[in-house]
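Engineer: This structure is in structure tokens; I'll ask about it shortly.
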Amino acid sequence: MIGNVFGGSDSKEPQLPKDVKDAISKCRGAVQKGLEGRISRMDVEMPVGANFGVESNKSKGKRGNLSSLTGDESSQQEGLTMEKLDTSNRELARLFVEMFQPLGGNHIAAVFNDQTLADQARKRWAGDVSAECNILAIDRKGKRGVMKTGKKKKKAKGFAAKMAEEMEEDLSGPFALPKDTEVALFVAPGPKELIAVERICNEMGMGTCVILLNARLSLIDKYASDEARMLFTEEFETVWSLSAAPQEDAPGCLMHRAYPTDWILARKPAVGPPKTIALSKDKFSAEKCKEAYGSINVSDLEKGTEKLAENFAGWLK
């Protein structure tokens with residue numbers, strides 16, 4: 001089991017991150033606390049489309065922001081696209097790969113959903129000694145934007161071409177991690193990919209730390225089996241989460257948790273620092289969010305003056 005890989009924060013009280021740099025630092029500390037607690041199944045969630053500044057902001061004095069775009073008018077203005085989502089997930093994976101570099105690149109696996117995403121990471125991280133790891137894809141034949149139109153006439157193949165085809169067919173077998181993997185980072189896996197994650201957890205055992213990055217487990221309604229539901233809802237520990245609260249129940253609010261502290265429900269007013277509305281040992285349900293939001297003094301609400309995406313943009317940047 002992985003022990004003290006990197007330093008972490010000693011704070012025992014729930015604290016909201018001040019900016020993206022502070023969020024990364026606190027997330028690092030929460031992961032370390034989880035490792036010290038011998039947790040080998042971790043779930044990490046950052047705001048949707050967060051810009052960590054790893055790839056795009058390399059100039060001095062520039063850094064990313066943790067704006068969470070929630071599908072309202074402001075999100076359309078910001079232009080949240082699949083490319084930005086992929087970049088955000090890849091940047092988060094890159095930060096985690098760097099966190100675990102003391103283990104050695106051969107013991108770290110960054111696992112993407114398909115070959116296109118894996119190839120993009122290889123290209124972006126090439127030659128970076130702080131990003132050494134095994135970059136893998138669950139769907140090793142999957143390519144985005146590639147469509148099969150119809151049957152093509154078979155051409156005569158030489159020996160080399162036949163060997164290459166046989167090797168490609170071997171890749172169609174079940175996804176597997178390298179045997180020496182100590183940390184497996186699964187990047188934004190969906191319900192289909194979680195089937196492979198479950199199998200990997202069973203095959204590798206608790207000696208391999210499995211970390212889900214932006215899996216958005218709370219949005220998944222159905223799992224492949226009861227065993228899978230138990231694994232992802234009970235065995236995986238949320239060591240770090242910073243996400244929007246249900247906006248219909250708690251407008252302009254967010255939920256945050258950094259292991260081992262409590263969950264925070266907070267709101268950013270138009271003026272002043274974020275305000276913690278409530279604390280909870282467990283993640284806030286929609287009902288609890290509504291109840292906590294309803295307990296706020298009406299004079300503090302400033303109704304209709306803010307949107308959550310704008311709060312994130314103005315607070316964490």
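Every chain in the structure tokens takes a letter, A first, then B, and so on in the order presented; its residues are numbered from 1, and the ligands are numbered from 1 following the presented order.
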Tell me which protein, DNA and RNA residues are within 10 Å of Phe96 (chain A), counting only C-alpha atoms, leaving out same-chain ones fewer than 3 positions away, and put them as a list in words.
Structural biologist: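 Those residues are Ile24, Cys27, Arg28, Val31, Arg90, Glu91, Leu92, Ala93, Met99, Phe100, Gln101, Ile108, Ala110, Ala131, Val183, Leu185, Ile211 and Leu213 of chain A.
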Engineer: I need the residues from that last selection saved to file as a compact mmCIF listing (two decimals), in the first residue's frame (with N, CA and C atoms), if you can.
Structural biologist:
```
# COMPACT_ATOMS: atom_id res chain seq x y z
N ILE A 24 -5.61 23.07 -5.95
CA ILE A 24 -4.71 21.97 -6.28
C ILE A 24 -3.91 21.55 -5.06
N CYS A 27 -6.24 19.77 -2.66
CA CYS A 27 -6.58 18.46 -3.21
C CYS A 27 -5.42 17.49 -2.99
N ARG A 28 -4.22 17.96 -3.21
CA ARG A 28 -3.02 17.15 -2.98
C ARG A 28 -2.96 16.69 -1.52
N VAL A 31 -5.61 13.98 -0.81
CA VAL A 31 -5.19 12.68 -1.34
C VAL A 31 -4.15 12.05 -0.42
N ARG A 90 -7.79 16.25 -19.00
CA ARG A 90 -6.39 15.89 -19.26
C ARG A 90 -5.43 16.67 -18.35
N GLU A 91 -5.73 17.96 -18.14
CA GLU A 91 -4.90 18.76 -17.25
C GLU A 91 -4.94 18.22 -15.82
N LEU A 92 -6.13 17.83 -15.37
CA LEU A 92 -6.25 17.26 -14.02
C LEU A 92 -5.45 15.97 -13.92
N ALA A 93 -5.54 15.13 -14.94
CA ALA A 93 -4.76 13.89 -14.95
C ALA A 93 -3.27 14.19 -14.92
N MET A 99 1.93 14.46 -9.21
CA MET A 99 1.86 14.22 -7.77
C MET A 99 2.54 12.90 -7.39
N PHE A 100 2.33 11.88 -8.23
CA PHE A 100 2.80 10.54 -7.88
C PHE A 100 4.15 10.19 -8.52
N GLN A 101 4.85 11.16 -9.09
CA GLN A 101 6.14 10.89 -9.72
C GLN A 101 7.16 10.21 -8.81
N ILE A 108 2.86 4.22 -12.57
CA ILE A 108 1.70 5.10 -12.69
C ILE A 108 1.01 4.85 -14.03
N ALA A 110 -2.10 6.36 -16.44
CA ALA A 110 -3.14 7.34 -16.74
C ALA A 110 -4.03 6.71 -17.80
N ALA A 131 5.90 14.13 -16.20
CA ALA A 131 4.66 13.51 -16.64
C ALA A 131 4.89 12.07 -17.10
N VAL A 183 -0.49 3.00 -8.97
CA VAL A 183 -1.55 4.00 -9.00
C VAL A 183 -2.16 4.02 -10.39
N LEU A 185 -4.96 6.03 -12.61
CA LEU A 185 -5.80 7.22 -12.70
C LEU A 185 -6.76 7.05 -13.87
N ILE A 211 -7.83 5.69 -8.65
CA ILE A 211 -8.37 7.03 -8.46
C ILE A 211 -9.22 7.42 -9.66
N LEU A 213 -11.01 10.31 -11.68
CA LEU A 213 -10.93 11.76 -11.87
C LEU A 213 -12.13 12.22 -12.69
```
Engineer: Find the residues around Thr181 (chain A) up to 12 Å (only C-alpha atoms counted), leave out those fewer than 6 positions away in its own chain, and share them as a PDB file with N, CA and C atoms, in the first residue's frame.
Structural biologist:
```
ATOM      1  N   MET A   1       0.846  -1.196   0.000  1.00  0.00           N
ATOM      2  CA  MET A   1       0.000   0.000   0.000  1.00  0.00           C
ATOM      3  C   MET A   1       0.881   1.244   0.000  1.00  0.00           C
ATOM      4  N   ILE A   2       0.494   2.249  -0.802  1.00  0.00           N
ATOM      5  CA  ILE A   2       1.276   3.477  -0.901  1.00  0.00           C
ATOM      6  C   ILE A   2       1.193   4.242   0.401  1.00  0.00           C
ATOM      7  N   PHE A 100       2.329  11.879  -8.225  1.00  0.00           N
ATOM      8  CA  PHE A 100       2.800  10.540  -7.883  1.00  0.00           C
ATOM      9  C   PHE A 100       4.146  10.185  -8.516  1.00  0.00           C
ATOM     10  N   LEU A 103       6.890   7.717  -7.167  1.00  0.00           N
ATOM     11  CA  LEU A 103       6.761   6.267  -7.326  1.00  0.00           C
ATOM     12  C   LEU A 103       7.518   5.763  -8.554  1.00  0.00           C
ATOM     13  N   GLY A 104       7.739   6.661  -9.524  1.00  0.00           N
ATOM     14  CA  GLY A 104       8.343   6.258 -10.789  1.00  0.00           C
ATOM     15  C   GLY A 104       7.277   6.077 -11.853  1.00  0.00           C
ATOM     16  N   GLY A 105       7.559   6.558 -13.054  1.00  0.00           N
ATOM     17  CA  GLY A 105       6.580   6.533 -14.125  1.00  0.00           C
ATOM     18  C   GLY A 105       6.058   5.152 -14.474  1.00  0.00           C
ATOM     19  N   ASN A 106       6.884   4.130 -14.317  1.00  0.00           N
ATOM     20  CA  ASN A 106       6.462   2.770 -14.659  1.00  0.00           C
ATOM     21  C   ASN A 106       5.383   2.234 -13.726  1.00  0.00           C
ATOM     22  N   HIS A 107       5.211   2.903 -12.574  1.00  0.00           N
ATOM     23  CA  HIS A 107       4.222   2.438 -11.595  1.00  0.00           C
ATOM     24  C   HIS A 107       2.944   3.273 -11.619  1.00  0.00           C
ATOM     25  N   ILE A 108       2.859   4.218 -12.574  1.00  0.00           N
ATOM     26  CA  ILE A 108       1.696   5.098 -12.685  1.00  0.00           C
ATOM     27  C   ILE A 108       1.013   4.854 -14.025  1.00  0.00           C
ATOM     28  N   ALA A 109      -0.298   4.688 -14.002  1.00  0.00           N
ATOM     29  CA  ALA A 109      -1.072   4.518 -15.234  1.00  0.00           C
ATOM     30  C   ALA A 109      -2.116   5.613 -15.333  1.00  0.00           C
ATOM     31  N   ALA A 110      -2.095   6.357 -16.439  1.00  0.00           N
ATOM     32  CA  ALA A 110      -3.141   7.335 -16.738  1.00  0.00           C
ATOM     33  C   ALA A 110      -4.033   6.711 -17.800  1.00  0.00           C
ATOM     34  N   VAL A 111      -5.264   6.403 -17.433  1.00  0.00           N
ATOM     35  CA  VAL A 111      -6.142   5.619 -18.304  1.00  0.00           C
ATOM     36  C   VAL A 111      -7.266   6.506 -18.845  1.00  0.00           C
ATOM     37  N   CYS A 133       4.664   8.299 -17.254  1.00  0.00           N
ATOM     38  CA  CYS A 133       3.687   7.315 -16.813  1.00  0.00           C
ATOM     39  C   CYS A 133       3.312   6.423 -17.993  1.00  0.00           C
ATOM     40  N   ASN A 134       2.537   5.396 -17.724  1.00  0.00           N
ATOM     41  CA  ASN A 134       1.966   4.581 -18.792  1.00  0.00           C
ATOM     42  C   ASN A 134       0.625   5.193 -19.176  1.00  0.00           C
ATOM     43  N   ILE A 135       0.525   5.656 -20.423  1.00  0.00           N
ATOM     44  CA  ILE A 135      -0.713   6.258 -20.906  1.00  0.00           C
ATOM     45  C   ILE A 135      -1.485   5.190 -21.673  1.00  0.00           C
ATOM     46  N   LEU A 136      -2.683   4.890 -21.195  1.00  0.00           N
ATOM     47  CA  LEU A 136      -3.454   3.779 -21.733  1.00  0.00           C
ATOM     48  C   LEU A 136      -4.853   4.223 -22.123  1.00  0.00           C
ATOM     49  N   ILE A 200     -10.907  -4.196 -13.014  1.00  0.00           N
ATOM     50  CA  ILE A 200      -9.521  -3.897 -12.632  1.00  0.00           C
ATOM     51  C   ILE A 200      -9.370  -3.897 -11.117  1.00  0.00           C
ATOM     52  N   CYS A 201     -10.338  -3.320 -10.412  1.00  0.00           N
ATOM     53  CA  CYS A 201     -10.288  -3.303  -8.944  1.00  0.00           C
ATOM     54  C   CYS A 201     -10.242  -4.725  -8.395  1.00  0.00           C
ATOM     55  N   GLU A 203      -9.236  -7.461 -10.042  1.00  0.00           N
ATOM     56  CA  GLU A 203      -8.028  -8.157 -10.481  1.00  0.00           C
ATOM     57  C   GLU A 203      -6.785  -7.691  -9.728  1.00  0.00           C
ATOM     58  N   MET A 204      -6.650  -6.385  -9.545  1.00  0.00           N
ATOM     59  CA  MET A 204      -5.425  -5.825  -8.969  1.00  0.00           C
ATOM     60  C   MET A 204      -5.429  -5.861  -7.441  1.00  0.00           C
ATOM     61  N   GLY A 205      -6.608  -5.888  -6.838  1.00  0.00           N
ATOM     62  CA  GLY A 205      -6.684  -5.906  -5.386  1.00  0.00           C
ATOM     63  C   GLY A 205      -6.422  -4.547  -4.763  1.00  0.00           C
ATOM     64  N   MET A 206      -6.422  -4.509  -3.440  1.00  0.00           N
ATOM     65  CA  MET A 206      -6.280  -3.250  -2.709  1.00  0.00           C
ATOM     66  C   MET A 206      -4.858  -2.717  -2.716  1.00  0.00           C
ATOM     67  N   GLY A 207      -3.910  -3.510  -3.199  1.00  0.00           N
ATOM     68  CA  GLY A 207      -2.525  -3.044  -3.267  1.00  0.00           C
ATOM     69  C   GLY A 207      -2.311  -2.001  -4.333  1.00  0.00           C
ATOM     70  N   THR A 208      -3.230  -1.884  -5.289  1.00  0.00           N
ATOM     71  CA  THR A 208      -3.158  -0.858  -6.326  1.00  0.00           C
ATOM     72  C   THR A 208      -4.168   0.231  -6.021  1.00  0.00           C
ATOM     73  N   CYS A 209      -3.705   1.459  -5.946  1.00  0.00           N
ATOM     74  CA  CYS A 209      -4.575   2.593  -5.664  1.00  0.00           C
ATOM     75  C   CYS A 209      -5.281   2.999  -6.951  1.00  0.00           C
ATOM     76  N   VAL A 210      -6.597   2.987  -6.933  1.00  0.00           N
ATOM     77  CA  VAL A 210      -7.406   3.372  -8.090  1.00  0.00           C
ATOM     78  C   VAL A 210      -8.077   4.699  -7.796  1.00  0.00           C
TER      79      VAL A 210
END
```
Engineer: Find the residues near region 221-226 of chain A: any atom within 8 Å, counting only C-alpha atoms, skip ones fewer than 4 places away on the same chain, and give them as a list in words.
Structural biologist: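 So, after excluding close chain neighbours, the residues are Pro191, Ile195 and Met230 of chain A.
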Engineer: Tell me, counting only C-alpha atoms, for each residue of region 78-107 of chain A within 8 Å of region 38-49 of chain A, which pair of atoms is nearest and how far apart they are in Å to one decimal, in rows ordered by chain and increasing number, as a tab-separated table.
Structural biologist:
```
residue	atom	partner	partner_atom	distance
A:Leu80	CA	A:Gly49	CA	7.0
A:Lys84	CA	A:Gly49	CA	6.2
A:Leu85	CA	A:Gly49	CA	5.0
A:Ser88	CA	A:Gly49	CA	5.5
A:Asn89	CA	A:Gly49	CA	7.8
```
Engineer: Output N, CA and C atoms for every residue in the selection just made, as an mmCIF file, in the first residue's frame.
Structural biologist:
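Here's the written file part18.cif:
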```
data_model
loop_
_atom_site.group_PDB
_atom_site.id
_atom_site.type_symbol
_atom_site.label_atom_id
_atom_site.label_comp_id
_atom_site.auth_asym_id
_atom_site.auth_seq_id
_atom_site.Cartn_x
_atom_site.Cartn_y
_atom_site.Cartn_z
ATOM 1 N N LEU A 80 -18.442 26.491 -23.498
ATOM 2 C CA LEU A 80 -18.011 25.193 -23.004
ATOM 3 C C LEU A 80 -18.193 24.157 -24.103
ATOM 4 N N LYS A 84 -12.873 21.620 -24.629
ATOM 5 C CA LYS A 84 -12.505 22.216 -23.345
ATOM 6 C C LYS A 84 -12.677 21.226 -22.205
ATOM 7 N N LEU A 85 -13.721 20.402 -22.286
ATOM 8 C CA LEU A 85 -13.921 19.380 -21.266
ATOM 9 C C LEU A 85 -12.769 18.371 -21.292
ATOM 10 N N SER A 88 -9.676 20.003 -19.833
ATOM 11 C CA SER A 88 -9.770 20.101 -18.381
ATOM 12 C C SER A 88 -9.464 18.761 -17.720
ATOM 13 N N ASN A 89 -10.046 17.694 -18.231
ATOM 14 C CA ASN A 89 -9.806 16.360 -17.670
ATOM 15 C C ASN A 89 -8.355 15.943 -17.843
#
```
Engineer: Within 10 Å of Phe284 (chain A), counting only C-alpha atoms, which residues qualify if same-chain residues fewer than 3 places away don't, as an MDAnalysis selection string?
Structural biologist: chainID A and resid 245:246 255:256 263:265 278:281 287:290 292
Engineer: Just checking: using only C-alpha atoms, which residue out of A:Asn113, A:Gln120, A:Asn202, A:Asn214 ends up closest to Ala50 (chain A)?
Structural biologist: A:Asn214
Engineer: Ranking A:Glu98, A:Gly127, A:Lys18, A:Val271 by minimum distance to Val54 (chain A) and counting only C-alpha atoms, which one comes first?
Structural biologist: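 Ranking A:Glu98, A:Gly127, A:Lys18, A:Val271 by distance to Val54 (chain A), first place goes to A:Glu98.
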Engineer: I'd like the neighbourhood of Leu117 (chain A) as an MDAnalysis selection string, where a residue qualifies if any of its atoms comes within 8 Å (using only C-alpha atoms), though same-chain residues fewer than 4 positions away should be ignored.
Structural biologist: chainID A and resid 86 112:113 121 137
Engineer: Identify which of the residues A:Ala266, A:Met82, A:Val129, A:Ala176 lies closest to Ala196 (chain A), counting only C-alpha atoms when measuring atom-to-atom distances.
Structural biologist: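 Counting only C-alpha atoms, the residue closest to Ala196 (chain A) is A:Ala176.
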Engineer: Using only C-alpha atoms, which of A:Ala258, A:Ile296, A:Leu217, A:Gly34 sits nearest Lys275 (chain A)?
Structural biologist: A:Ile296
Engineer: Let me make sure I understand: among A:Ser243, A:Glu198, A:Arg122, A:Gly37, which one has the smallest atom-to-atom distance to Phe175 (chain A) if we use only C-alpha atoms?
Structural biologist: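 For Phe175 (chain A), the nearest of the candidates is A:Glu198.
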Engineer: With only C-alpha atoms as the atoms that count, which of A:Tyr293, A:Phe186, A:Phe232, A:Tyr259 lies nearest to Asp114 (chain A)?
Structural biologist: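 Answer, going by the shortest atom-to-atom distance: A:Phe186.
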Engineer: Hey, what does DSSP flag as alpha helix (DSSP H) within region 205-306 of chain A? Can you give it to me as a list in words?
Structural biologist: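 Selection result, alpha helix (DSSP H) within region 205-306 of chain A: Asp226, Glu227, Ala228, Arg229, Met230, Ala286, Glu287, Lys288, Cys289, Lys290, Glu291, Ala292, Tyr293 and Gly294 of chain A.
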